[in-house]
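coords.csv, holding CSV, C-alpha atoms and all ligand atoms:
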chain,number,residue,atom,x,y,z
A,29,MET,CA,-9.2,-29.5,-3.2
A,30,ALA,CA,-9.5,-26.8,-5.9
A,31,THR,CA,-11.8,-24.6,-3.8
A,32,LEU,CA,-9.8,-25.0,-0.5
A,33,ILE,CA,-7.8,-22.0,0.6
A,34,GLY,CA,-5.1,-21.9,3.2
A,35,CYS,CA,-5.6,-18.8,5.4
A,36,GLN,CA,-2.6,-16.4,5.1
A,37,GLY,CA,-3.4,-15.3,8.7
A,38,CYS,CA,-3.4,-18.7,10.5
A,39,ASP,CA,-3.0,-21.5,8.0
A,40,MET,CA,-6.5,-22.9,8.5
A,41,LEU,CA,-8.0,-24.7,5.5
A,42,VAL,CA,-11.3,-23.1,4.5
A,43,ASP,CA,-13.6,-24.4,1.8
A,44,LEU,CA,-14.8,-21.6,-0.5
A,45,THR,CA,-17.1,-23.7,-2.7
A,46,ALA,CA,-20.4,-22.1,-1.7
A,47,MET,CA,-19.5,-18.4,-1.8
A,48,PRO,CA,-22.7,-16.3,-2.5
A,49,GLU,CA,-22.8,-13.8,-5.3
A,50,GLY,CA,-21.2,-10.5,-4.2
A,51,GLY,CA,-20.0,-12.2,-1.0
A,52,ARG,CA,-16.8,-11.8,1.0
A,53,ALA,CA,-15.2,-14.6,3.0
A,54,ASN,CA,-13.2,-14.2,6.2
A,55,CYS,CA,-11.3,-16.9,8.1
A,56,PRO,CA,-13.5,-18.4,10.8
A,57,ARG,CA,-10.6,-18.9,13.1
A,58,CYS,CA,-8.5,-15.7,12.9
A,59,GLY,CA,-10.8,-13.3,11.0
A,60,HIS,CA,-8.3,-12.7,8.2
A,61,PHE,CA,-9.7,-11.7,4.8
A,62,LEU,CA,-9.8,-14.7,2.4
A,63,ALA,CA,-11.6,-13.8,-0.9
A,64,ARG,CA,-14.6,-12.0,-2.5
A,65,TYR,CA,-16.7,-13.5,-5.2
A,66,ARG,CA,-18.7,-12.2,-8.2
A,67,SER,CA,-19.5,-14.3,-11.2
A,68,ASP,CA,-18.9,-11.3,-13.5
A,69,ALA,CA,-15.8,-10.1,-11.7
A,70,VAL,CA,-13.6,-10.2,-14.8
A,71,ALA,CA,-16.0,-8.1,-16.9
A,72,ARG,CA,-16.5,-5.6,-14.0
A,73,ALA,CA,-12.8,-5.3,-13.3
A,74,LEU,CA,-12.2,-4.6,-17.0
A,75,ALA,CA,-14.9,-1.9,-17.1
A,76,TYR,CA,-13.5,-0.2,-14.0
A,77,CYS,CA,-10.0,-0.5,-15.4
A,78,ILE,CA,-10.8,1.2,-18.7
A,79,SER,CA,-12.6,4.0,-16.9
A,80,ALA,CA,-9.6,4.4,-14.6
A,81,ALA,CA,-7.2,4.5,-17.6
A,82,ILE,CA,-9.2,7.2,-19.3
A,83,ALA,CA,-9.3,9.2,-16.1
A,84,LEU,CA,-5.6,8.8,-15.6
A,85,VAL,CA,-4.8,10.0,-19.2
A,86,ILE,CA,-7.0,13.1,-18.6
A,87,ALA,CA,-5.3,13.7,-15.2
A,88,ASN,CA,-2.0,14.0,-17.0
A,89,CYS,CA,-3.2,16.5,-19.6
A,90,PHE,CA,-4.4,19.5,-17.7
A,91,ALA,CA,-3.4,21.7,-14.8
A,92,PHE,CA,-3.6,19.9,-11.4
A,93,LEU,CA,-3.4,22.9,-9.1
A,94,THR,CA,-3.1,26.7,-9.8
A,95,MET,CA,-1.8,29.1,-7.2
A,96,GLY,CA,-2.0,32.9,-7.3
A,97,ALA,CA,-0.3,35.3,-4.8
A,98,ALA,CA,0.7,39.0,-5.0
A,99,GLY,CA,-0.4,39.1,-8.7
A,100,LEU,CA,1.8,36.1,-9.7
A,101,GLN,CA,0.5,32.8,-10.8
A,102,THR,CA,2.0,29.3,-10.9
A,103,THR,CA,0.5,26.0,-12.2
A,104,MET,CA,1.5,22.4,-11.6
A,105,THR,CA,0.7,19.3,-13.5
A,106,LEU,CA,0.5,15.8,-12.1
A,107,PRO,CA,3.9,14.6,-13.5
A,108,GLU,CA,5.6,17.7,-12.1
A,109,THR,CA,5.0,16.4,-8.6
A,110,ALA,CA,7.9,14.0,-9.3
A,111,ILE,CA,9.8,16.1,-11.9
A,112,MET,CA,10.3,19.1,-9.6
A,113,LEU,CA,11.9,16.8,-6.9
A,114,TYR,CA,14.3,15.6,-9.6
A,115,ARG,CA,15.2,19.2,-10.5
A,116,TYR,CA,15.9,20.0,-6.9
A,117,GLY,CA,18.5,17.2,-6.8
A,118,MET,CA,16.4,14.4,-5.3
A,119,PRO,CA,16.2,11.8,-8.1
A,120,ASP,CA,15.6,9.0,-5.6
A,121,LEU,CA,12.6,10.7,-4.0
A,122,ALA,CA,11.3,11.7,-7.5
A,123,ILE,CA,11.4,8.0,-8.6
A,124,LEU,CA,9.5,6.9,-5.4
A,125,VAL,CA,6.8,9.6,-5.7
A,126,GLY,CA,6.4,9.1,-9.4
A,127,GLY,CA,6.3,5.4,-8.9
A,128,PHE,CA,3.7,5.3,-6.1
A,129,ILE,CA,1.2,7.8,-7.7
A,130,LEU,CA,1.7,7.3,-11.4
A,131,VAL,CA,3.9,4.5,-12.7
A,132,LEU,CA,2.8,1.6,-10.5
A,133,PRO,CA,-0.9,2.4,-10.8
A,134,ALA,CA,-0.5,2.7,-14.6
A,135,LEU,CA,1.4,-0.6,-14.7
A,136,ALA,CA,-1.4,-2.2,-12.6
A,137,LEU,CA,-4.1,-1.0,-15.0
A,138,THR,CA,-2.1,-2.4,-18.0
A,139,LEU,CA,-1.7,-5.8,-16.2
A,140,ILE,CA,-5.4,-5.9,-15.3
A,141,MET,CA,-6.3,-5.4,-18.9
A,142,ALA,CA,-3.7,-8.0,-20.0
A,143,ILE,CA,-5.4,-10.5,-17.7
A,144,CYS,CA,-9.1,-9.6,-18.1
A,145,VAL,CA,-9.2,-9.4,-21.9
A,146,PRO,CA,-7.9,-12.9,-22.6
A,147,LEU,CA,-10.0,-14.3,-19.7
A,148,THR,CA,-13.2,-12.7,-21.2
A,149,LEU,CA,-12.3,-14.3,-24.6
A,150,GLY,CA,-11.4,-17.6,-23.0
A,151,TYR,CA,-8.0,-17.3,-24.7
A,152,ALA,CA,-5.0,-18.9,-22.8
A,153,ALA,CA,-2.6,-16.0,-23.5
A,154,PRO,CA,1.1,-16.9,-22.8
A,155,TRP,CA,1.5,-13.7,-20.7
A,156,LEU,CA,-1.4,-14.5,-18.2
A,157,VAL,CA,0.7,-16.0,-15.4
A,158,ASP,CA,3.5,-13.5,-15.5
A,159,SER,CA,1.0,-10.6,-15.6
A,160,ALA,CA,-0.8,-11.9,-12.6
A,161,ARG,CA,2.4,-12.5,-10.7
A,162,VAL,CA,3.6,-9.0,-11.2
A,163,LEU,CA,0.2,-7.5,-10.5
A,164,TYR,CA,-0.3,-9.3,-7.1
A,165,THR,CA,3.3,-8.6,-6.1
A,166,LEU,CA,3.2,-4.8,-6.8
A,167,ASN,CA,-0.4,-4.1,-5.9
A,168,GLU,CA,0.2,-2.9,-2.3
A,169,TRP,CA,2.7,-0.3,-3.4
A,170,SER,CA,0.2,1.9,-5.2
A,171,MET,CA,-0.6,5.0,-3.1
A,172,VAL,CA,-3.3,6.7,-5.1
A,173,GLU,CA,-5.7,7.5,-2.2
A,174,VAL,CA,-2.8,8.5,0.1
A,175,PHE,CA,-1.8,11.1,-2.5
A,176,LEU,CA,-5.3,12.6,-2.6
A,177,ILE,CA,-5.1,13.2,1.2
A,178,GLY,CA,-1.8,14.8,0.6
A,179,VAL,CA,-3.4,17.2,-1.9
A,180,ILE,CA,-6.1,18.2,0.7
A,181,VAL,CA,-3.4,18.8,3.4
A,182,SER,CA,-1.4,20.9,0.9
A,183,LEU,CA,-4.5,23.1,0.1
A,184,VAL,CA,-5.0,23.8,3.8
A,185,LYS,CA,-1.3,24.6,4.3
A,186,LEU,CA,-1.3,27.1,1.4
A,187,SER,CA,-4.7,28.7,2.2
A,188,GLN,CA,-3.1,31.3,4.4
A,189,MET,CA,-0.5,32.6,1.9
A,190,ALA,CA,-2.2,32.1,-1.5
A,191,GLU,CA,-5.3,31.5,-3.5
A,192,VAL,CA,-5.3,27.9,-4.8
A,193,GLN,CA,-7.6,26.5,-7.5
A,194,LEU,CA,-8.3,22.9,-8.3
A,195,GLY,CA,-7.7,22.1,-12.0
A,196,TYR,CA,-9.4,19.6,-14.3
A,197,SER,CA,-6.6,17.1,-13.6
A,198,PHE,CA,-7.4,17.1,-9.9
A,199,TRP,CA,-11.0,15.9,-10.5
A,200,ALA,CA,-9.8,13.4,-13.1
A,201,TYR,CA,-7.4,12.0,-10.5
A,202,VAL,CA,-10.2,11.7,-8.0
A,203,ALA,CA,-12.3,9.7,-10.5
A,204,PHE,CA,-9.2,7.7,-11.3
A,205,SER,CA,-8.6,6.8,-7.7
A,206,VAL,CA,-12.2,5.6,-7.3
A,207,PHE,CA,-12.1,3.4,-10.5
A,208,PHE,CA,-8.6,2.1,-9.7
A,209,THR,CA,-9.6,1.0,-6.2
A,210,LEU,CA,-12.7,-0.7,-7.6
A,211,ALA,CA,-10.8,-2.5,-10.4
A,212,VAL,CA,-8.1,-3.8,-8.0
A,213,SER,CA,-10.5,-5.0,-5.3
A,214,THR,CA,-12.9,-6.6,-7.9
A,215,LEU,CA,-10.2,-8.8,-9.4
A,216,ASP,CA,-9.9,-11.0,-6.4
A,217,ARG,CA,-6.6,-12.9,-6.1
A,218,PHE,CA,-8.0,-16.3,-5.3
A,219,HIS,CA,-10.7,-16.3,-8.0
A,220,CYS,CA,-8.5,-14.6,-10.6
A,221,TRP,CA,-5.9,-17.4,-10.3
A,222,GLN,CA,-8.6,-20.0,-10.6
A,223,ARG,CA,-9.9,-18.5,-13.8
A,224,ILE,CA,-6.3,-18.4,-15.2
A,225,GLU,CA,-5.8,-22.0,-14.3
A,226,ALA,CA,-9.2,-23.0,-15.8
A,227,VAL,CA,-8.5,-21.2,-19.1
A,228,GLN,CA,-5.1,-22.8,-19.4
A,229,LEU,CA,-6.5,-26.3,-18.9
A,230,SER,CA,-9.4,-25.9,-21.3
B,18,MET,CA,-10.4,-26.5,17.0
B,19,ASN,CA,-9.4,-29.6,15.1
B,20,PRO,CA,-5.6,-29.5,14.7
B,21,ALA,CA,-5.7,-31.3,11.4
B,22,ALA,CA,-7.6,-28.4,9.8
B,23,THR,CA,-4.5,-26.5,8.9
B,24,ALA,CA,-2.6,-26.7,5.7
B,25,ALA,CA,0.7,-27.6,7.5
B,26,ALA,CA,-1.0,-30.3,9.5
B,27,ARG,CA,-2.1,-32.0,6.3
B,28,GLY,CA,1.4,-31.7,4.8
B,29,LEU,CA,0.4,-28.8,2.5
B,30,ALA,CA,1.8,-25.4,1.8
B,31,SER,CA,-0.2,-22.5,0.3
B,32,CYS,CA,1.4,-20.3,-2.4
B,33,HIS,CA,1.9,-16.8,-1.1
B,34,LEU,CA,1.3,-15.4,-4.6
B,35,CYS,CA,-1.6,-17.4,-6.1
B,36,CYS,CA,-3.1,-19.2,-3.0
B,37,LYS,CA,-2.7,-22.6,-4.5
B,38,LEU,CA,-2.3,-25.5,-2.1
B,39,VAL,CA,0.6,-27.8,-2.9
B,40,ALA,CA,2.4,-30.7,-1.1
B,41,ALA,CA,4.9,-29.2,1.4
B,42,ASP,CA,8.0,-30.6,-0.3
B,43,VAL,CA,7.3,-29.1,-3.7
B,44,ALA,CA,9.9,-26.3,-4.4
B,45,HIS,CA,8.0,-24.2,-7.0
B,46,CYS,CA,4.3,-23.5,-7.3
B,47,PRO,CA,3.0,-25.5,-10.3
B,48,ARG,CA,0.4,-22.7,-11.1
B,49,CYS,CA,2.4,-19.5,-10.9
B,50,GLY,CA,6.1,-20.6,-10.5
B,51,ALA,CA,6.6,-18.8,-7.2
B,52,HIS,CA,9.1,-20.2,-4.7
B,53,MET,CA,7.2,-22.3,-2.2
B,54,HIS,CA,7.6,-22.3,1.5
B,55,GLN,CA,5.2,-23.3,4.3
B,56,ARG,CA,6.1,-20.2,6.4
B,57,LYS,CA,7.8,-17.0,5.3
B,58,VAL,CA,11.5,-17.6,5.3
B,59,ASP,CA,13.4,-16.3,8.4
B,60,SER,CA,10.3,-14.2,9.2
B,61,LEU,CA,11.2,-13.0,12.7
B,62,GLN,CA,14.9,-12.2,11.9
B,63,ARG,CA,13.9,-10.3,8.8
B,64,THR,CA,11.1,-8.4,10.5
B,65,LEU,CA,13.4,-7.4,13.4
B,66,ALA,CA,16.3,-6.4,11.1
B,67,LEU,CA,14.0,-4.2,9.0
B,68,LEU,CA,12.5,-2.7,12.2
B,69,VAL,CA,16.0,-1.8,13.4
B,70,THR,CA,16.8,-0.2,10.1
B,71,ALA,CA,13.6,1.8,10.2
B,72,SER,CA,14.3,3.0,13.7
B,73,VAL,CA,17.7,4.3,12.6
B,74,LEU,CA,16.2,6.1,9.6
B,75,TYR,CA,13.5,7.6,11.8
B,76,ILE,CA,16.2,9.8,13.6
B,77,PRO,CA,17.4,11.8,10.6
B,78,ALA,CA,13.8,11.9,9.3
B,79,ASN,CA,12.8,13.9,12.4
B,80,ILE,CA,16.0,16.0,13.0
B,81,TYR,CA,16.6,17.3,9.5
B,82,PRO,CA,14.2,19.7,7.7
B,83,ILE,CA,11.6,18.0,5.5
B,84,MET,CA,10.9,21.3,3.7
B,85,ILE,CA,12.6,24.7,3.2
B,86,THR,CA,10.5,27.9,2.6
B,87,ASP,CA,12.3,30.8,1.0
B,88,GLN,CA,10.2,33.9,1.7
B,89,PHE,CA,11.3,37.5,1.1
B,90,GLY,CA,14.9,36.5,1.1
B,91,THR,CA,14.9,34.5,4.3
B,92,SER,CA,14.9,30.7,4.5
B,93,ILE,CA,12.7,28.8,7.1
B,94,GLU,CA,13.5,25.2,7.6
B,95,SER,CA,10.7,23.0,9.0
B,96,THR,CA,10.8,19.5,10.4
B,97,ILE,CA,7.9,17.1,10.5
B,98,ILE,CA,7.0,18.1,14.1
B,99,GLY,CA,7.6,21.8,13.1
B,100,GLY,CA,5.0,21.4,10.3
B,101,VAL,CA,2.4,20.0,12.8
B,102,VAL,CA,3.1,23.0,15.1
B,103,LEU,CA,2.7,25.4,12.2
B,104,LEU,CA,-0.6,23.9,11.3
B,105,ILE,CA,-1.8,24.3,14.9
B,106,ASN,CA,-0.8,27.9,14.9
B,107,LEU,CA,-2.7,28.5,11.7
B,108,GLY,CA,-5.7,27.1,13.5
B,109,SER,CA,-6.0,24.0,11.2
B,110,TRP,CA,-6.5,21.5,14.0
B,111,PRO,CA,-8.0,18.7,11.8
B,112,ILE,CA,-5.2,18.8,9.3
B,113,ALA,CA,-2.6,19.1,12.0
B,114,LEU,CA,-4.1,15.9,13.5
B,115,VAL,CA,-4.0,14.1,10.1
B,116,ILE,CA,-0.2,14.9,9.7
B,117,PHE,CA,0.5,14.0,13.3
B,118,VAL,CA,-1.3,10.7,13.1
B,119,ALA,CA,0.2,9.9,9.6
B,120,SER,CA,3.8,10.9,10.3
B,121,VAL,CA,4.3,10.3,14.1
B,122,MET,CA,1.6,8.0,15.4
B,123,VAL,CA,1.4,5.5,12.5
B,124,PRO,CA,5.2,4.8,12.2
B,125,LEU,CA,5.5,4.5,16.0
B,126,SER,CA,2.5,2.3,16.4
B,127,LYS,CA,3.9,0.1,13.6
B,128,PHE,CA,7.2,-0.2,15.4
B,129,PHE,CA,5.6,-1.2,18.7
B,130,ALA,CA,3.0,-3.5,17.1
B,131,LEU,CA,5.6,-5.4,15.1
B,132,TYR,CA,8.0,-5.7,18.0
B,133,TYR,CA,5.2,-6.9,20.2
B,134,LEU,CA,4.0,-9.5,17.5
B,135,ALA,CA,7.5,-10.8,17.0
B,136,TRP,CA,8.0,-11.1,20.7
B,137,SER,CA,4.7,-12.8,21.4
B,138,VAL,CA,5.3,-15.6,18.9
B,139,HIS,CA,7.3,-17.5,21.5
B,140,ARG,CA,6.2,-15.7,24.7
B,141,GLN,CA,2.4,-15.5,24.7
B,142,PRO,CA,-0.4,-18.0,25.0
B,143,ALA,CA,-2.3,-18.7,21.8
B,144,SER,CA,-5.6,-17.5,23.4
B,145,GLY,CA,-5.2,-13.9,22.2
B,146,ASN,CA,-4.3,-14.8,18.6
B,147,ARG,CA,-7.4,-13.5,17.0
B,148,GLN,CA,-6.7,-10.0,18.4
B,149,ARG,CA,-3.1,-10.3,17.4
B,150,THR,CA,-3.9,-11.3,13.9
B,151,LEU,CA,-6.3,-8.2,13.7
B,152,LEU,CA,-3.4,-6.1,15.0
B,153,TYR,CA,-1.2,-7.5,12.2
B,154,THR,CA,-3.9,-6.8,9.5
B,155,LEU,CA,-4.2,-3.2,10.7
B,156,THR,CA,-0.4,-2.8,10.8
B,157,GLU,CA,-0.3,-3.9,7.1
B,158,LEU,CA,-3.2,-1.6,6.2
B,159,ILE,CA,-2.1,1.7,7.7
B,160,GLY,CA,1.5,1.4,6.5
B,161,LYS,CA,1.3,3.4,3.3
B,162,TRP,CA,-0.7,6.3,4.9
B,163,SER,CA,2.5,7.6,6.5
B,164,MET,CA,3.5,8.7,3.0
B,165,VAL,CA,1.1,11.7,3.2
B,166,ASP,CA,3.7,14.1,4.5
B,167,VAL,CA,6.1,13.2,1.7
B,168,PHE,CA,3.4,13.7,-0.9
B,169,VAL,CA,2.6,17.1,0.7
B,170,VAL,CA,6.2,18.2,0.3
B,171,ALA,CA,6.2,16.9,-3.4
B,172,ILE,CA,3.0,18.9,-4.1
B,173,LEU,CA,4.2,22.1,-2.4
B,174,VAL,CA,7.6,21.9,-4.1
B,175,ALA,CA,5.9,21.4,-7.5
B,176,LEU,CA,3.4,24.3,-7.0
B,177,VAL,CA,5.1,27.0,-5.0
B,178,HIS,CA,7.9,28.7,-7.0
B,179,LEU,CA,7.1,32.4,-7.2
B,180,GLY,CA,10.5,33.8,-8.1
B,181,GLY,CA,12.1,35.7,-5.2
B,182,LEU,CA,8.8,36.1,-3.4
B,183,LEU,CA,8.0,32.6,-2.2
B,184,VAL,CA,9.7,29.3,-3.0
B,185,ILE,CA,9.4,25.9,-1.3
B,186,ARG,CA,12.2,23.4,-1.6
B,187,PRO,CA,12.4,19.7,-0.5
B,188,GLY,CA,14.5,18.9,2.6
B,189,ILE,CA,16.7,15.9,3.1
B,190,ALA,CA,14.4,14.4,5.8
B,191,ALA,CA,11.8,13.7,3.1
B,192,VAL,CA,14.1,11.0,1.6
B,193,SER,CA,14.8,9.5,5.1
B,194,PHE,CA,11.1,9.5,6.0
B,195,ALA,CA,10.1,7.9,2.7
B,196,GLY,CA,12.8,5.3,3.6
B,197,VAL,CA,11.1,4.8,7.0
B,198,VAL,CA,7.7,4.2,5.4
B,199,ILE,CA,9.1,1.7,2.8
B,200,VAL,CA,11.2,-0.2,5.3
B,201,THR,CA,8.4,-0.5,7.9
B,202,MET,CA,6.1,-1.7,5.1
B,203,LEU,CA,8.7,-4.4,4.2
B,204,ALA,CA,9.0,-5.3,7.9
B,205,ALA,CA,5.2,-5.8,8.1
B,206,HIS,CA,5.4,-7.9,5.0
B,207,SER,CA,8.1,-10.1,6.4
B,208,PHE,CA,6.2,-11.0,9.5
B,209,ASP,CA,4.2,-14.3,9.2
B,210,PRO,CA,1.1,-14.3,11.5
B,211,ARG,CA,0.8,-18.0,11.0
B,212,LEU,CA,3.7,-18.4,13.4
B,213,LEU,CA,1.4,-17.1,16.2
B,214,TRP,CA,-1.0,-20.0,15.5
B,215,ASP,CA,1.5,-22.8,15.0
B,216,LYS,CA,2.0,-23.3,18.8
B,217,GLU,CA,-1.8,-23.9,19.1
B,218,GLU,CA,-1.4,-27.0,17.0
B,219,GLN,CA,1.7,-28.0,18.9
B,220,ASN,CA,-0.3,-27.9,22.2
B,221,ASN,CA,-3.3,-29.7,20.8
B,222,GLY,CA,-1.4,-32.2,18.7
A,301,ZN,ZN,-7.1,-17.7,9.5
A,302,ZN,ZN,1.5,-20.0,-6.9
Before anything else, please render the file you have as structure tokens.
Amino acid sequence: MATLIGCQGCDMLVDLTAMPEGGRANCPRCGHFLARYRSDAVARALAYCISAAIALVIANCFAFLTMGAAGLQTTMTLPETAIMLYRYGMPDLAILVGGFILVLPALALTLIMAICVPLTLGYAAPWLVDSARVLYTLNEWSMVEVFLIGVIVSLVKLSQMAEVQLGYSFWAYVAFSVFFTLAVSTLDRFHCWQRIEAVQLS
Amino acid sequence: MNPAATAAARGLASCHLCCKLVAADVAHCPRCGAHMHQRKVDSLQRTLALLVTASVLYIPANIYPIMITDQFGTSIESTIIGGVVLLINLGSWPIALVIFVASVMVPLSKFFALYYLAWSVHRQPASGNRQRTLLYTLTELIGKWSMVDVFVVAILVALVHLGGLLVIRPGIAAVSFAGVVIVTMLAAHSFDPRLLWDKEEQNNG
């Protein structure tokens, strides 16, 4: 019973007892993704998460892009992507953009740490269930990789009228997006909840 | 396919948040506390209502400017399509294609895919369900990529402010378009692909 999963795509019951190390299970009836398994998933997710957090802090400290045209120069930082929209009188859009590229990913990293540290120590922390609930509800609203494509498109759009340089923060954000994606995908929903249940029962 | 192999056929419901299998009459998940339901509540009605909302928002998103460029004292307003045309004129075909796909193709395909899926729940035989579930998974995956153009506007606005020489300001369509993306993502989220498969059990059982 504990290793059965009901497919979210077609409701078929699938037994996930014998998942191989590093394996990924899809539903035999509809093909929907079910789960991926690694025995060291929690430790890996924590390592990716810490790397992502460091990269995100760096990404907020330096210039993201610098533009020069006709002897003038402007620089933007990562938070300014949202802040400038607010200054132009679009607070709603500023909140959405800031949320999708910075706030929600940062929240997800905090929650992954709040889940992985107690699980590694075998400590039934009182915040485990709430953290996992928020994490798996908000996960799909992080748009880190979409934002990076947006940066590339912006560079091409500007290439005609100005000289644009990539700052340290841009490269830090690239590293952040890689580690963030790895952290989120490593902490598999099905197995994470099983670990939480196990640590609470022990 | 053995009809008793589904959670519903065995009187079980699976938690949408933590995947736990619980007896169908339990109101709250014993593991995570989420509200339990065998199928997403009012799935088709919610999906269709959100799709209509998104279709309405799609009109201002395309009519009004998404971005305003002030250059040498004159203002040029550009719409989503205008931005694509500008990129083609600049010779940036690949990037024009990225924006066209993200801002026009993806939202439109999502509208049609979800309308089709909602329609086929009652009107189509179960035989094509594997393809339809794949279509649904793709619809869920591509949703957020439509935000590219909104992020481009945010980046250009944050970077380009060279006094009286060259300034880029955000246009009102950026808000409408962000709305379209969010509402279509919610629409995809409201649809329950298990409804497609339920009639297979009804026919077999
Ligand atoms: Zn399935
Ligand atoms: Zn649950």
Exercise. Segment 168-176 of chain B: which residues within 8 Å, counting only C-alpha atoms, same-chain residues fewer than 5 positions away excluded, as an NGL selection string?
Worked result: (:A and (93-95 or 102-104 or 108-113 or 125 or 175 or 178-179 or 181-182)) or (:B and (83-84 or 184-187 or 191))
For this session: Report as a list in words which protein, DNA and RNA residues come within 7 Å of ligand ZN 301 (chain A), using all atoms listed in the file.
Result: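 Within the 7 Å cut-off, the matching residues are Cys35, Gln36, Gly37, Cys38, Asp39, Met40, Cys55, Pro56, Arg57, Cys58, Gly59 and His60 of chain A.
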Problem set entry | Within 10 Å of ligand ZN 302 (chain A), counting all atoms listed in the file, residues as number ranges by chain | A: 157, 161, 221; B: 31-39, 45-53
Exercise. Within 10 Å of Ala40 of chain B, counting all atoms listed in the file, which residues qualify if same-chain residues fewer than 6 places away don't, as a count of residues only?
Worked result: 10
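Picture a line from atom CA of Gly145 of chain B to atom CA of Thr64 of chain B; it runs 20.8 Å.
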Return as AutoDock Vina command-line options the box centre and box size in Å, one decimal, for an axis-aligned box around all listed atoms of segment 99-116 of chain B padded by 8 Å per side.
--center_x -0.2 --center_y 21.3 --center_z 12.2 --size_x 31.6 --size_y 30.4 --size_z 21.8
Exercise. Do you know which residues are at most 7 Å from segment 113-123 of chain B counting only C-alpha atoms, after dropping those on the same chain fewer than 4 positions away, and could you put them as a ChimeraX atom specification?
Worked result: /B:101,104-105,109,127,162-163,165-166
Limited to C-alpha atoms, could you put the picked residues into a file as a PDB file, keeping the file's coordinate frame?
ATOM      1  CA  VAL B 101       2.400  20.000  12.800  1.00  0.00           C
ATOM      2  CA  LEU B 104      -0.600  23.900  11.300  1.00  0.00           C
ATOM      3  CA  ILE B 105      -1.800  24.300  14.900  1.00  0.00           C
ATOM      4  CA  SER B 109      -6.000  24.000  11.200  1.00  0.00           C
ATOM      5  CA  LYS B 127       3.900   0.100  13.600  1.00  0.00           C
ATOM      6  CA  TRP B 162      -0.700   6.300   4.900  1.00  0.00           C
ATOM      7  CA  SER B 163       2.500   7.600   6.500  1.00  0.00           C
ATOM      8  CA  VAL B 165       1.100  11.700   3.200  1.00  0.00           C
ATOM      9  CA  ASP B 166       3.700  14.100   4.500  1.00  0.00           C
TER      10      ASP B 166
END
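Computed from the coordinates, the atom CA of Phe198 of chain A to atom CA of Phe92 of chain A distance equals 5.0 Å.
Residue nearest Pro146 of chain A, chosen from A:Ser159, A:Ser79, A:Ile180, A:Cys89 and counting only C-alpha atoms: A:Ser159.
By all atoms listed in the file, and with residues fewer than 6 positions from Trp136 of chain B along its chain excluded, the set lying at most 12 Å from it is B:Leu61, B:Gln62, B:Thr64, B:Leu65, B:Phe129, B:Ala130, B:Pro142, B:Arg149, B:Phe208, B:Pro210, B:Leu212, B:Leu213.
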Exercise. What does the distance from atom CA of Ile140 of chain A to atom CA of Tyr76 of chain A come to in Å, to one decimal?
Worked result: 10.0 Å
Problem set entry | Top pick for closest residue to chain B, considering A:Val206, A:Ile82, A:Leu176, A:Leu215 and counting all atoms listed in the file |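 Checking each of A:Val206, A:Ile82, A:Leu176, A:Leu215 against chain B, counting all atoms listed in the file, the winner is A:Leu176.
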Exercise. For Leu155 of chain B, which of B:Val138, B:Ala190, B:Ala205, B:Val58 is the closest residue, counting only C-alpha atoms?
Worked result: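 Among the listed residues, the smallest separation from Leu155 of chain B belongs to B:Ala205.
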For this session: Skip Phe89 of chain B itself and residues of its chain fewer than 3 positions away, then list as a PyMOL selection string all residues within 7 Å of it, counting all atoms listed in the file.
Result: chain B and resi 181-183
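Distances from B:Ala22, B:Ala204, B:Ala78, B:Ile85 to Tyr116 of chain A were compared using only C-alpha atoms, and the smallest one belongs to B:Ile85.
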Problem set entry | Point (-8.6, -13.0, -18.3), cut-off 10 Å, counting all atoms listed in the file, residues as a ChimeraX atom specification | /A:70-71,74,140-153,156,160,215,220-221,223-224,227
Residues as selected, C-alpha atoms, written as a tab-separated table (two decimals), in the coordinates of the input, can you do that?
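Output (out-v1.tsv):
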chain	number	residue	atom	x	y	z
A	70	VAL	CA	-13.60	-10.20	-14.80
A	71	ALA	CA	-16.00	-8.10	-16.90
A	74	LEU	CA	-12.20	-4.60	-17.00
A	140	ILE	CA	-5.40	-5.90	-15.30
A	141	MET	CA	-6.30	-5.40	-18.90
A	142	ALA	CA	-3.70	-8.00	-20.00
A	143	ILE	CA	-5.40	-10.50	-17.70
A	144	CYS	CA	-9.10	-9.60	-18.10
A	145	VAL	CA	-9.20	-9.40	-21.90
A	146	PRO	CA	-7.90	-12.90	-22.60
A	147	LEU	CA	-10.00	-14.30	-19.70
A	148	THR	CA	-13.20	-12.70	-21.20
A	149	LEU	CA	-12.30	-14.30	-24.60
A	150	GLY	CA	-11.40	-17.60	-23.00
A	151	TYR	CA	-8.00	-17.30	-24.70
A	152	ALA	CA	-5.00	-18.90	-22.80
A	153	ALA	CA	-2.60	-16.00	-23.50
A	156	LEU	CA	-1.40	-14.50	-18.20
A	160	ALA	CA	-0.80	-11.90	-12.60
A	215	LEU	CA	-10.20	-8.80	-9.40
A	220	CYS	CA	-8.50	-14.60	-10.60
A	221	TRP	CA	-5.90	-17.40	-10.30
A	223	ARG	CA	-9.90	-18.50	-13.80
A	224	ILE	CA	-6.30	-18.40	-15.20
A	227	VAL	CA	-8.50	-21.20	-19.10
